[in-house]
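Here's the structure we're looking at; comments come further down.
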Amino acid sequence: MEPNQLWQAVLSEVELQISKPNFVTWLKSSRLLNKQDGVIFVGLPNNFAKEWVENKYNKIILTALRNLDDSAKKIEYIVENKFPSSAKGVKNKKVSVGETGAVDQLSFNELKIDPETNLNPRYTLNSFVVGSSNELAYAAVSGVIKEVGKKYNPLFIYGGVGLGKTHLIQALGNEIKNLYENKIRVKYVSSEKFTNDVIWAMRNKRMEDVKEKYRLTDVLIIDDIQFIGGKEKTEEEFFHTFNALYENNKQIVISSDRSPRFIPTLEERLRSRFEGGMIVDVGYPDYELRMAILKTKLLERGASLPDNVIDLIASKVQKNLRELEGILNKFLFYKQAKNVEISPKLAEEIINEAIQQPTKNINPGQVIKAVADYFEVSPSDLTGRCRKSSIAEPRQIAMFLLRDLLDLSYPYIGEKLGKRDHTTAIYAYNKLSQEIARDQNLSQKILAIKDTIDKK
Ligand code: ADP
Ligand code: MG
């Protein structure tokens, strides 16, 4: 068994379960060192990481590991002194076309996050596959690269989880960095990181440092801006940074999981600034794009899968390209490391197991709240007897989702949502089930709501 591949598969599983910043900080550079008598030895770069991973992620990692390798009993985390902290020498590392080589190269690339720009070189425009759901966003990004700070400013890209926003805006940063040979200073930051910087600065009375840091860039890329909404001091600071940069014709690029109109806590003046620039969305990938991305990722890894398996993955995994990639890794693992022939039945099982997971621990209250948030109404509008026509659609969608996600009984759903008869709930479920297939608009709404539930 190839330890590297086992570990890649474990990581792609874990990546779906913890936040991206945490994953990148603590686990991305981990590696499997050895395996003996059911004990898995995992290397981490320092004590800090060891403690953190042991305390917070051991359980998740162990579960993922056991799913793939049932001989695994426990994990020992080891601080590696010789850890390849810089990517020196790695660049010239000869990568064989063989499958292990490709996996190796991918994990080494992850280590190369540029400390200056925070960009991960793995995200390139070259590796970004364009389809009808992302071509506008792609075009806007290309426009920015050609005329930095002039054409589309700020550029605001929004869309659901795992649809390629981070990939696209990081690729924009990498492209500018390479094209202009570092003459244009780029900085990429998650809004979580930005918030932490502001909090740190307030505590340490070092606000000037933070201001400097961000205002000295030519291209500021902020990922997942929705998390800033409602954090007053951070918003304030971001607003000032934004203005300072904007007035100096610096380029600002922002991503969000929803359009500025739907970030309820966002200050009006920020919202209107965003609306003054270019706003584009990335939608859910159609079947063709999903196929194309799967094939590209396989090429990147120097691997292959039978056509019917690729087809099955593309048909079943519809709304999240990160999930698509996670599942792909899992298949490669089964095929290569475990040396199992993938029957259609096994393929189906692998996929079902992977896509069910995120919705396991949700309760009806969360579903109702997610629907209410999406439509900007209050949950009690949905659960109460209110008969306003504006509530009709949200309530039907809530009914549909309670059935679809939680498999609750119709009488319960009817009672819960406005004390309706069970036939109302049955009607809503049947109606929406049929409409989803025809009505793109409706299916997008429902997928967007499901996304916010999954993220909880
Ligand atoms: P988001 O930031 O919207 O949640 P990401 O950019 O993290 O999504 O994308 C999730 C995964 O899917 C990443 O590994 C990314 O490389 C891949 N991906 C998304 N869109 C594309 C695309 N159009 N072409 C190639 N890979 C993609
Ligand atoms: Mg992202």
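How things are named: the first chain in the structure tokens is A, the next is B, and so on; residues count from 1 in each chain; ligands count from 1 in the order shown.
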
task = Mind listing the strand (DSSP E) residues of range 96-281 of chain A, per DSSP on the backbone, as a list in words?
result = Leu155, Phe156, Ile157, Tyr158, Val186, Lys187, Tyr188, Val189, Ser190, Val219, Leu220, Ile221, Ile222, Asp223, Gln251, Ile252, Val253, Ile254, Ser255, Ser256, Met278, Ile279, Val280 and Asp281 of chain A

query = Using only C-alpha atoms, which residues sit within 9 Å of range 165-181 of chain A once same-chain residues fewer than 6 positions away are excluded, as an MDAnalysis selection string?
reply = chainID A and resid 117 119:128 137:138 141:142 144:146 148 157:159 187:188 219:224 253:257 282

Could you write out that same residue set with C-alpha atoms as a PDB file, in the first residue's frame?
ATOM      1  CA  THR A 117       1.304  37.380  -1.172  1.00  0.00           C
ATOM      2  CA  LEU A 119      -1.038  32.961  -2.752  1.00  0.00           C
ATOM      3  CA  ASN A 120      -0.954  29.256  -3.376  1.00  0.00           C
ATOM      4  CA  PRO A 121       0.774  28.622  -6.725  1.00  0.00           C
ATOM      5  CA  ARG A 122      -1.412  25.582  -7.286  1.00  0.00           C
ATOM      6  CA  TYR A 123      -4.224  27.866  -8.393  1.00  0.00           C
ATOM      7  CA  THR A 124      -3.585  28.935 -11.950  1.00  0.00           C
ATOM      8  CA  LEU A 125      -5.769  30.187 -14.757  1.00  0.00           C
ATOM      9  CA  ASN A 126      -4.403  27.353 -16.818  1.00  0.00           C
ATOM     10  CA  SER A 127      -5.871  24.752 -14.524  1.00  0.00           C
ATOM     11  CA  PHE A 128      -9.212  26.532 -14.304  1.00  0.00           C
ATOM     12  CA  ALA A 137     -16.414  35.481 -13.847  1.00  0.00           C
ATOM     13  CA  TYR A 138     -13.507  34.175 -15.880  1.00  0.00           C
ATOM     14  CA  VAL A 141     -10.834  38.145 -14.109  1.00  0.00           C
ATOM     15  CA  SER A 142      -9.095  38.245 -17.485  1.00  0.00           C
ATOM     16  CA  VAL A 144      -8.652  42.763 -14.500  1.00  0.00           C
ATOM     17  CA  ILE A 145      -5.385  41.052 -15.375  1.00  0.00           C
ATOM     18  CA  LYS A 146      -5.109  43.084 -18.577  1.00  0.00           C
ATOM     19  CA  VAL A 148      -5.195  46.183 -13.284  1.00  0.00           C
ATOM     20  CA  ILE A 157     -17.353  37.427  -7.425  1.00  0.00           C
ATOM     21  CA  TYR A 158     -20.029  35.474  -5.636  1.00  0.00           C
ATOM     22  CA  GLY A 159     -21.419  31.955  -5.641  1.00  0.00           C
ATOM     23  CA  LYS A 187      -1.951  40.375  -1.390  1.00  0.00           C
ATOM     24  CA  TYR A 188      -4.485  37.626  -0.862  1.00  0.00           C
ATOM     25  CA  VAL A 219      -4.007  44.369  -5.682  1.00  0.00           C
ATOM     26  CA  LEU A 220      -5.896  43.353  -2.572  1.00  0.00           C
ATOM     27  CA  ILE A 221      -7.821  40.118  -2.819  1.00  0.00           C
ATOM     28  CA  ILE A 222     -10.248  39.338  -0.025  1.00  0.00           C
ATOM     29  CA  ASP A 223     -11.842  35.906   0.098  1.00  0.00           C
ATOM     30  CA  ASP A 224     -15.242  35.174   1.661  1.00  0.00           C
ATOM     31  CA  VAL A 253     -11.052  41.781  -5.735  1.00  0.00           C
ATOM     32  CA  ILE A 254     -13.624  40.291  -3.426  1.00  0.00           C
ATOM     33  CA  SER A 255     -15.339  36.944  -3.176  1.00  0.00           C
ATOM     34  CA  SER A 256     -18.449  36.068  -1.251  1.00  0.00           C
ATOM     35  CA  ASP A 257     -20.889  33.211  -0.959  1.00  0.00           C
ATOM     36  CA  VAL A 282     -20.325  31.684 -10.517  1.00  0.00           C
TER      37      VAL A 282
END

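The coordinates place CA of Asn58 in chain A at 16.8 Å from CA of Lys20 in chain A.
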
task = Please provide as a PyMOL selection string all residues within 10 Å of Thr63 in chain A, with the sequence filter that same-chain residues fewer than 6 positions apart are discarded (counting only C-alpha atoms).
result = chain A and resi 10+13-14+69-70+72

Mind dumping the selected residues with N, CA, C and O atoms as a PDB file, in the first residue's frame?
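Result written to out.pdb:
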ATOM      1  N   VAL A  10      -7.024  10.526   3.028  1.00  0.00           N
ATOM      2  CA  VAL A  10      -7.487  10.925   4.361  1.00  0.00           C
ATOM      3  C   VAL A  10      -7.648  12.443   4.407  1.00  0.00           C
ATOM      4  O   VAL A  10      -8.664  12.972   4.853  1.00  0.00           O
ATOM      5  N   GLU A  13     -10.636  13.851   2.693  1.00  0.00           N
ATOM      6  CA  GLU A  13     -11.828  13.607   3.500  1.00  0.00           C
ATOM      7  C   GLU A  13     -11.935  14.642   4.624  1.00  0.00           C
ATOM      8  O   GLU A  13     -12.983  15.245   4.861  1.00  0.00           O
ATOM      9  N   VAL A  14     -10.807  14.855   5.314  1.00  0.00           N
ATOM     10  CA  VAL A  14     -10.792  15.789   6.444  1.00  0.00           C
ATOM     11  C   VAL A  14     -11.060  17.215   5.965  1.00  0.00           C
ATOM     12  O   VAL A  14     -11.747  17.996   6.627  1.00  0.00           O
ATOM     13  N   ASP A  69      -8.803   2.382   5.780  1.00  0.00           N
ATOM     14  CA  ASP A  69      -7.867   1.322   6.129  1.00  0.00           C
ATOM     15  C   ASP A  69      -8.247   0.801   7.509  1.00  0.00           C
ATOM     16  O   ASP A  69      -7.924   1.400   8.532  1.00  0.00           O
ATOM     17  N   ASP A  70      -8.959  -0.334   7.513  1.00  0.00           N
ATOM     18  CA  ASP A  70      -9.517  -0.730   8.809  1.00  0.00           C
ATOM     19  C   ASP A  70      -8.483  -1.375   9.734  1.00  0.00           C
ATOM     20  O   ASP A  70      -8.786  -1.747  10.860  1.00  0.00           O
ATOM     21  N   ALA A  72      -6.032   0.358  10.772  1.00  0.00           N
ATOM     22  CA  ALA A  72      -5.464   1.474  11.537  1.00  0.00           C
ATOM     23  C   ALA A  72      -6.051   1.517  12.946  1.00  0.00           C
ATOM     24  O   ALA A  72      -7.264   1.504  13.119  1.00  0.00           O
TER      25      ALA A  72
END

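Residues in contact with Gln396 in chain A at up to 6 Å, not including ones fewer than 3 positions away on its chain and judged by only C-alpha atoms, are Glu393, Met399 and Ala428 of chain A.
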
Keeping all heavy atoms, export the residues of the selection given above as a CSV table (one decimal), in the first residue's frame.
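So again.csv came out as:
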chain,number,residue,atom,x,y,z
A,393,GLU,N,-43.8,31.1,-1.1
A,393,GLU,CA,-42.6,30.3,-1.7
A,393,GLU,C,-41.6,29.8,-0.6
A,393,GLU,O,-41.3,28.6,-0.6
A,393,GLU,CB,-42.0,31.1,-2.7
A,393,GLU,CG,-40.9,30.3,-3.5
A,393,GLU,CD,-40.0,31.1,-4.4
A,393,GLU,OE1,-39.9,32.3,-4.2
A,393,GLU,OE2,-39.3,30.4,-5.2
A,399,MET,N,-40.8,23.4,3.5
A,399,MET,CA,-41.5,22.1,3.6
A,399,MET,C,-40.7,21.0,2.7
A,399,MET,O,-40.5,19.9,3.2
A,399,MET,CB,-42.9,22.2,3.0
A,399,MET,CG,-43.8,22.9,4.0
A,399,MET,SD,-45.5,23.0,3.3
A,399,MET,CE,-46.4,23.5,4.8
A,428,ALA,N,-46.7,20.5,-1.4
A,428,ALA,CA,-45.5,21.3,-1.6
A,428,ALA,C,-44.3,20.4,-2.0
A,428,ALA,O,-43.6,20.8,-3.0
A,428,ALA,CB,-45.1,22.0,-0.3

task = Write out as a count of residues only all residues of range 101-326 of chain A that backbone DSSP assigns to helix (DSSP H, G or I).
result = 120

request  = Between A:Leu163, A:Ala64, A:Leu136, A:Ile18, single out the one closest to ligand 2, counting only C-alpha atoms and all ligand atoms.
outcome  =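 Answer, going by the shortest atom-to-atom distance: A:Leu163.
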
Distance query Asn308 in chain A at most 12 Å, only C-alpha atoms, self and fewer than 2 positions along chain excluded, as a list in words =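 Surrounding residues, per the criterion: Met291, Ser304, Leu305, Pro306, Ile310, Asp311, Leu312, Ile313, Ala314, Ser315, Ile342, Ser343, Pro344, Lys345, Ala347 and Glu348 of chain A.
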
Could you take the residues named above and write them with all heavy atoms, as a CSV table (one decimal), in the first residue's frame?
chain,number,residue,atom,x,y,z
A,291,MET,N,-17.7,17.1,-16.0
A,291,MET,CA,-16.9,16.1,-16.7
A,291,MET,C,-15.5,16.6,-17.0
A,291,MET,O,-14.5,16.0,-16.8
A,291,MET,CB,-17.6,15.7,-18.0
A,291,MET,CG,-18.7,14.7,-17.9
A,291,MET,SD,-18.1,13.1,-17.3
A,291,MET,CE,-17.8,12.2,-18.8
A,304,SER,N,-5.9,7.7,-14.2
A,304,SER,CA,-7.1,7.5,-15.1
A,304,SER,C,-8.1,6.7,-14.4
A,304,SER,O,-7.8,5.9,-13.4
A,304,SER,CB,-6.7,6.8,-16.4
A,304,SER,OG,-6.2,5.5,-16.1
A,305,LEU,N,-9.3,6.8,-14.8
A,305,LEU,CA,-10.5,6.0,-14.3
A,305,LEU,C,-11.3,5.6,-15.5
A,305,LEU,O,-11.3,6.3,-16.5
A,305,LEU,CB,-11.3,6.8,-13.3
A,305,LEU,CG,-10.8,7.0,-11.9
A,305,LEU,CD1,-11.7,8.0,-11.1
A,305,LEU,CD2,-10.7,5.7,-11.1
A,306,PRO,N,-12.0,4.5,-15.3
A,306,PRO,CA,-12.9,4.1,-16.5
A,306,PRO,C,-14.0,5.1,-16.7
A,306,PRO,O,-14.4,5.8,-15.8
A,306,PRO,CB,-13.6,2.8,-15.9
A,306,PRO,CG,-12.8,2.4,-14.7
A,306,PRO,CD,-12.1,3.6,-14.2
A,310,ILE,N,-16.2,7.9,-14.3
A,310,ILE,CA,-16.1,9.3,-14.4
A,310,ILE,C,-17.5,9.9,-14.6
A,310,ILE,O,-18.0,10.8,-14.0
A,310,ILE,CB,-15.2,9.8,-15.6
A,310,ILE,CG1,-13.8,9.2,-15.4
A,310,ILE,CG2,-15.2,11.3,-15.7
A,310,ILE,CD1,-12.9,9.6,-16.5
A,311,ASP,N,-18.2,9.2,-15.5
A,311,ASP,CA,-19.6,9.6,-15.8
A,311,ASP,C,-20.5,9.5,-14.5
A,311,ASP,O,-21.3,10.4,-14.2
A,311,ASP,CB,-20.2,8.7,-16.9
A,311,ASP,CG,-21.6,9.0,-17.2
A,311,ASP,OD1,-21.8,10.1,-17.8
A,311,ASP,OD2,-22.5,8.3,-16.8
A,312,LEU,N,-20.3,8.5,-13.7
A,312,LEU,CA,-21.1,8.3,-12.5
A,312,LEU,C,-20.8,9.4,-11.5
A,312,LEU,O,-21.7,10.0,-11.0
A,312,LEU,CB,-20.8,7.0,-11.9
A,312,LEU,CG,-21.7,6.5,-10.8
A,312,LEU,CD1,-23.1,6.3,-11.3
A,312,LEU,CD2,-21.2,5.3,-10.1
A,313,ILE,N,-19.6,9.8,-11.4
A,313,ILE,CA,-19.2,10.8,-10.4
A,313,ILE,C,-19.8,12.2,-10.9
A,313,ILE,O,-20.4,12.9,-10.2
A,313,ILE,CB,-17.7,11.0,-10.3
A,313,ILE,CG1,-17.0,9.7,-9.9
A,313,ILE,CG2,-17.3,12.1,-9.3
A,313,ILE,CD1,-15.5,9.7,-9.8
A,314,ALA,N,-19.6,12.4,-12.2
A,314,ALA,CA,-20.1,13.7,-12.7
A,314,ALA,C,-21.7,13.8,-12.6
A,314,ALA,O,-22.2,14.9,-12.4
A,314,ALA,CB,-19.7,13.9,-14.2
A,315,SER,N,-22.4,12.7,-12.8
A,315,SER,CA,-23.8,12.7,-12.7
A,315,SER,C,-24.3,12.9,-11.2
A,315,SER,O,-25.3,13.5,-11.0
A,315,SER,CB,-24.5,11.5,-13.3
A,315,SER,OG,-23.7,10.8,-14.1
A,342,ILE,N,-12.9,-1.4,-9.3
A,342,ILE,CA,-14.1,-0.6,-8.9
A,342,ILE,C,-15.3,-1.1,-9.7
A,342,ILE,O,-15.5,-0.7,-10.9
A,342,ILE,CB,-13.8,0.9,-9.1
A,342,ILE,CG1,-12.7,1.3,-8.2
A,342,ILE,CG2,-15.1,1.7,-8.8
A,342,ILE,CD1,-12.3,2.7,-8.4
A,343,SER,N,-16.1,-1.8,-9.1
A,343,SER,CA,-17.4,-2.2,-9.7
A,343,SER,C,-18.4,-1.1,-9.6
A,343,SER,O,-18.2,-0.2,-8.8
A,343,SER,CB,-17.9,-3.4,-8.9
A,343,SER,OG,-18.3,-3.0,-7.6
A,344,PRO,N,-19.4,-1.1,-10.5
A,344,PRO,CA,-20.4,0.0,-10.4
A,344,PRO,C,-21.0,0.1,-9.0
A,344,PRO,O,-21.3,1.2,-8.5
A,344,PRO,CB,-21.4,-0.5,-11.4
A,344,PRO,CG,-20.7,-1.4,-12.4
A,344,PRO,CD,-19.6,-2.0,-11.6
A,345,LYS,N,-21.1,-1.1,-8.3
A,345,LYS,CA,-21.8,-1.1,-7.0
A,345,LYS,C,-20.9,-0.4,-6.0
A,345,LYS,O,-21.3,0.5,-5.2
A,345,LYS,CB,-22.1,-2.5,-6.6
A,345,LYS,CG,-22.8,-2.6,-5.3
A,345,LYS,CD,-23.4,-4.0,-5.1
A,345,LYS,CE,-23.9,-4.2,-3.7
A,345,LYS,NZ,-22.9,-4.3,-2.7
A,347,ALA,N,-18.6,1.8,-6.7
A,347,ALA,CA,-18.5,3.2,-7.1
A,347,ALA,C,-19.7,4.0,-6.5
A,347,ALA,O,-19.6,5.0,-5.9
A,347,ALA,CB,-18.6,3.3,-8.6
A,348,GLU,N,-20.9,3.4,-6.6
A,348,GLU,CA,-22.1,4.0,-6.1
A,348,GLU,C,-22.0,4.2,-4.6
A,348,GLU,O,-22.3,5.2,-4.0
A,348,GLU,CB,-23.3,3.0,-6.4
A,348,GLU,CG,-24.6,3.7,-6.1
A,348,GLU,CD,-25.3,4.0,-7.4
A,348,GLU,OE1,-24.9,3.6,-8.5
A,348,GLU,OE2,-26.2,4.8,-7.4
